[in-house]
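Novice: For reference, the file structure27.cif (mmCIF, C-alpha atoms) is included below:
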data_my_file
#
loop_
_atom_site.label_atom_id
_atom_site.label_comp_id
_atom_site.auth_asym_id
_atom_site.auth_seq_id
_atom_site.Cartn_x
_atom_site.Cartn_y
_atom_site.Cartn_z
CA MET U 1 -10.16 1.86 15.22
CA PHE U 2 -10.61 0.51 11.66
CA TYR U 3 -11.14 3.93 10.07
CA ALA U 4 -8.57 5.59 12.35
CA LEU U 5 -5.88 3.17 11.15
CA ILE U 6 -6.83 3.81 7.52
CA ALA U 7 -6.65 7.58 8.13
CA LEU U 8 -3.30 7.26 9.93
CA ILE U 9 -1.77 5.30 7.03
CA ILE U 10 -3.08 7.80 4.48
CA LEU U 11 -1.82 10.75 6.55
CA LEU U 12 1.65 9.23 7.07
CA ASP U 13 1.87 8.30 3.41
CA GLN U 14 0.74 11.67 2.05
CA VAL U 15 2.83 13.77 4.47
CA THR U 16 6.02 11.83 3.72
CA LYS U 17 5.40 12.02 -0.03
CA TYR U 18 4.77 15.77 0.26
CA LEU U 19 8.04 16.23 2.16
CA ILE U 20 9.94 14.28 -0.49
CA ARG U 21 8.33 16.20 -3.38
CA THR U 22 9.09 19.56 -1.76
CA HIS U 23 12.60 18.87 -0.45
CA MET U 24 14.20 16.61 -3.07
CA GLU U 25 14.73 16.59 -6.81
CA ILE U 26 13.61 13.58 -8.87
CA GLY U 27 16.45 11.07 -8.88
CA GLN U 28 18.15 12.61 -5.84
CA THR U 29 19.33 10.18 -3.17
CA THR U 30 19.91 10.97 0.49
CA SER U 31 21.52 8.39 2.75
CA ILE U 32 19.48 7.98 5.92
CA TRP U 33 21.48 5.09 7.38
CA LYS U 34 24.68 4.15 5.53
CA ASP U 35 24.40 0.83 3.64
CA VAL U 36 20.94 0.23 5.13
CA LEU U 37 18.46 2.91 4.01
CA ASP U 38 18.43 5.66 1.41
CA PHE U 39 15.67 7.99 0.34
CA THR U 40 15.61 8.23 -3.45
CA TYR U 41 12.91 10.37 -5.04
CA TYR U 42 11.27 8.45 -7.84
CA GLN U 43 7.96 8.91 -9.65
CA ASN U 44 6.26 5.69 -10.74
CA THR U 45 3.38 5.49 -13.22
CA GLY U 46 3.13 1.71 -12.75
CA ALA U 47 2.94 -0.76 -9.90
CA ALA U 48 5.59 -2.52 -7.81
CA PHE U 49 8.99 -2.67 -9.51
CA SER U 50 7.59 -0.28 -12.17
CA ILE U 51 5.49 -2.95 -13.89
CA LEU U 52 2.48 -1.87 -15.99
CA GLN U 53 3.84 1.65 -16.54
CA GLY U 54 1.27 4.20 -17.69
CA GLN U 55 -1.80 2.21 -16.61
CA ARG U 56 -3.11 5.00 -14.34
CA TRP U 57 -6.83 4.39 -14.88
CA PHE U 58 -6.48 0.64 -14.48
CA PHE U 59 -4.92 1.14 -11.03
CA ILE U 60 -7.47 3.78 -10.05
CA ILE U 61 -10.38 1.51 -11.01
CA VAL U 62 -8.87 -1.51 -9.24
CA ALA U 63 -8.28 0.58 -6.09
CA LEU U 64 -11.82 1.97 -6.14
CA LEU U 65 -13.30 -1.51 -6.61
CA PHE U 66 -11.17 -2.91 -3.79
CA VAL U 67 -12.10 -0.07 -1.43
CA GLY U 68 -15.80 -0.41 -2.28
CA ILE U 69 -15.83 -4.19 -1.85
CA ALA U 70 -13.87 -4.06 1.44
CA ILE U 71 -16.13 -1.37 2.92
CA TYR U 72 -19.23 -3.32 1.79
CA TYR U 73 -17.97 -6.56 3.37
CA ARG U 74 -17.14 -4.77 6.61
CA TRP U 75 -20.58 -3.14 6.64
CA LYS U 76 -22.15 -6.58 6.12
CA GLY U 77 -20.16 -7.95 9.08
CA LYS U 78 -17.95 -10.24 7.00
CA ILE U 79 -14.73 -8.63 8.26
CA GLN U 80 -14.65 -9.47 11.94
CA GLY U 81 -11.99 -9.55 14.59
CA ARG U 82 -9.23 -7.09 15.32
CA PHE U 83 -6.59 -8.97 13.31
CA LEU U 84 -8.65 -9.08 10.11
CA GLU U 85 -9.86 -5.49 10.54
CA TRP U 86 -6.28 -4.23 10.96
CA THR U 87 -5.17 -6.29 7.96
CA VAL U 88 -7.90 -4.86 5.74
CA ALA U 89 -7.25 -1.35 7.11
CA LEU U 90 -3.59 -1.64 6.06
CA LEU U 91 -4.65 -2.70 2.57
CA LEU U 92 -7.24 0.08 2.30
CA GLY U 93 -4.93 2.79 3.65
CA GLY U 94 -2.25 1.79 1.16
CA ALA U 95 -4.64 1.58 -1.77
CA ILE U 96 -6.14 4.98 -0.97
CA GLY U 97 -2.72 6.58 -0.37
CA ASN U 98 -1.41 5.52 -3.77
CA GLY U 99 -4.80 6.22 -5.35
CA ILE U 100 -4.59 9.85 -4.21
CA ASP U 101 -1.21 10.16 -5.94
CA ARG U 102 -2.55 8.67 -9.16
CA LEU U 103 -5.60 10.96 -9.17
CA VAL U 104 -3.77 14.16 -8.24
CA TYR U 105 -0.30 13.70 -9.78
CA ASN U 106 -0.84 11.00 -12.43
CA LYS U 107 1.98 9.02 -10.79
CA VAL U 108 3.01 7.67 -7.42
CA THR U 109 5.83 9.20 -5.38
CA ASP U 110 8.26 6.54 -4.17
CA PHE U 111 11.29 7.20 -2.00
CA VAL U 112 12.07 4.43 0.53
CA ASN U 113 15.14 2.67 -0.86
CA PRO U 114 16.44 -0.09 1.45
CA GLN U 115 20.05 -1.07 0.80
CA PHE U 116 21.22 -3.63 3.35
CA GLY U 117 24.53 -3.52 1.49
CA PHE U 118 23.19 -4.70 -1.88
CA GLY U 119 20.10 -2.57 -2.79
CA ILE U 120 17.77 -5.03 -4.56
CA PHE U 121 14.47 -4.16 -2.88
CA GLY U 122 13.29 -1.44 -5.23
CA ILE U 123 11.98 1.97 -4.24
CA PHE U 124 8.62 2.22 -2.51
CA ASN U 125 6.54 4.38 -0.14
CA PHE U 126 4.54 3.94 3.06
CA ALA U 127 1.35 3.05 1.16
CA ASP U 128 3.25 0.23 -0.55
CA LEU U 129 4.62 -0.88 2.82
CA ALA U 130 1.10 -0.97 4.31
CA ILE U 131 -0.17 -2.99 1.35
CA ASN U 132 2.69 -5.49 1.60
CA VAL U 133 2.28 -5.92 5.36
CA GLY U 134 -1.48 -6.34 4.84
CA VAL U 135 -0.95 -9.02 2.19
CA ILE U 136 1.52 -10.89 4.43
CA LEU U 137 -0.92 -10.76 7.36
CA LEU U 138 -3.77 -11.93 5.13
CA ILE U 139 -1.72 -14.89 3.91
CA LEU U 140 -0.74 -15.75 7.50
CA ARG U 141 -4.37 -15.64 8.57
CA MET U 142 -5.38 -17.94 5.73
CA LEU U 143 -2.60 -20.39 6.63
CA ILE U 144 -3.30 -20.35 10.35
CA ARG U 145 -7.08 -20.20 10.18
CA PRO U 146 -8.37 -21.54 6.87
CA SER U 147 -12.04 -21.24 6.04
CA ASN U 148 -14.21 -24.02 7.45
CA LYS U 149 -16.68 -23.74 4.61
CA PRO U 150 -16.76 -26.75 2.30
CA VAL U 151 -16.06 -26.15 -1.38
CA SER U 152 -19.22 -26.73 -3.37
CA GLN U 153 -19.10 -29.21 -6.23
CA GLY U 154 -18.15 -27.60 -9.52
CA SER U 155 -16.52 -24.54 -7.96
CA ILE U 156 -12.85 -23.78 -8.08
#
Can you give me the file's structure in the form of structure tokens?
Specialist:
Amino acid sequence: MFYALIALIILLDQVTKYLIRTHMEIGQTTSIWKDVLDFTYYQNTGAAFSILQGQRWFFIIVALLFVGIAIYYRWKGKIQGRFLEWTVALLLGGAIGNGIDRLVYNKVTDFVNPQFGFGIFGIFNFADLAINVGVILLILRMLIRPSNKPVSQGSI
């Protein structure tokens, strides 16, 4: 199920980005649900909220390191339980989805533009959504079930 969820996120992300790239012009906005959700085609060379613009290789390297470390930890049995596996799968699917864009197009296609009457959420894609949900779930897990391992003296 772990790899299937990763594949599903990547597929959903890449198909929706393809549809946006082939059916919209950059900067074009289409209202999906009035005052709630627009699709606005935007190309981002940075991260969330367009920070670190033009740092393509930095993001590619970070994504590759994250994917490698997560797969290694899962292989070693350190990622156990359905909740944690799904959380990591969301993070990996999102990282790979945006990584594909950076490798192939040198930028990430964003288009989901929530409005809720005031439009302050920024424009993102399904890979970003998966990453954000994964981070929230990871934080919840750490709050609900903190590690029982004692902190060794001298470590931070």
Novice: Find the spatial neighbours of Thr22 in chain U, counting only C-alpha atoms, within a cut-off of 12 Å - ignore same-chain residues fewer than 6 positions away - and output them as a list in words.
Specialist: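 Result of the neighbour search: Val15, Thr16, Tyr41 and Thr109 of chain U.
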Novice: Select, from U:Trp75, U:Leu90, U:Leu103, U:Phe83, the residue with the minimum atom-to-atom distance to Ile61 in chain U, counting only C-alpha atoms.
Specialist: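 Result for the nearest residue to Ile61 in chain U: U:Leu103.
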Novice: Applied to the shown file, which residues does the PyMOL selection byres ((chain U and resi 33) around 12) return, written as a ChimeraX atom specification?
Specialist: /U:29-32,34-39,112-117
Novice: Counting all atoms listed in the file, which residue out of U:Gln14, U:Asn106, U:Gln28, U:Asn132 sits closest to Leu91 in chain U?
Specialist: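 Nearest to Leu91 in chain U: U:Asn132.
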Novice: Find, counting only C-alpha atoms, the residue in U:Lys107, U:Phe121, U:Tyr3, U:Tyr42 that gets nearest to Val88 in chain U.
Specialist: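 Ranking U:Lys107, U:Phe121, U:Tyr3, U:Tyr42 by distance to Val88 in chain U, first place goes to U:Tyr3.
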Novice: Rank U:Tyr72, U:Trp86, U:Phe111, U:Trp57 by their smallest atom-to-atom distance to Gln43 in chain U, using all atoms listed in the file, and report the top residue only.
Specialist: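 With all atoms listed in the file as the atom set, the closest residue is U:Phe111.
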Novice: On this structure, which residues satisfy the PyMOL selection byres ((chain U and resi 6-9) around 10), written as a ChimeraX atom specification?
Specialist: /U:1-5,10-15,86,88-97,126-127,129-130
Novice: Do you have the CA of Ile139 in chain U-CA of Leu65 in chain U distance handy?
Specialist: 20.6 Å
Novice: Work out how far CA of Arg102 in chain U is from CA of Glu25 in chain U, in Å to one decimal.
Specialist: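 Interatomic distance, CA of Glu25 in chain U to CA of Arg102 in chain U: 19.2 Å.
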Novice: What does the structure give for the distance between CA of Val104 in chain U and CA of Phe124 in chain U, in Å to one decimal?
Specialist: 18.1 Å
Novice: Nearest to Val108 in chain U: which of U:Leu137, U:Val62, U:Asp128, U:Gly68 is it, counting all atoms listed in the file?
Specialist: U:Asp128
Novice: For a quick check of understanding, using only C-alpha atoms, which of U:Ile71, U:Ala63, U:Leu143, U:Ile100 has the smallest distance to Ile131 in chain U?
Specialist: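 Result for the nearest residue to Ile131 in chain U: U:Ala63.
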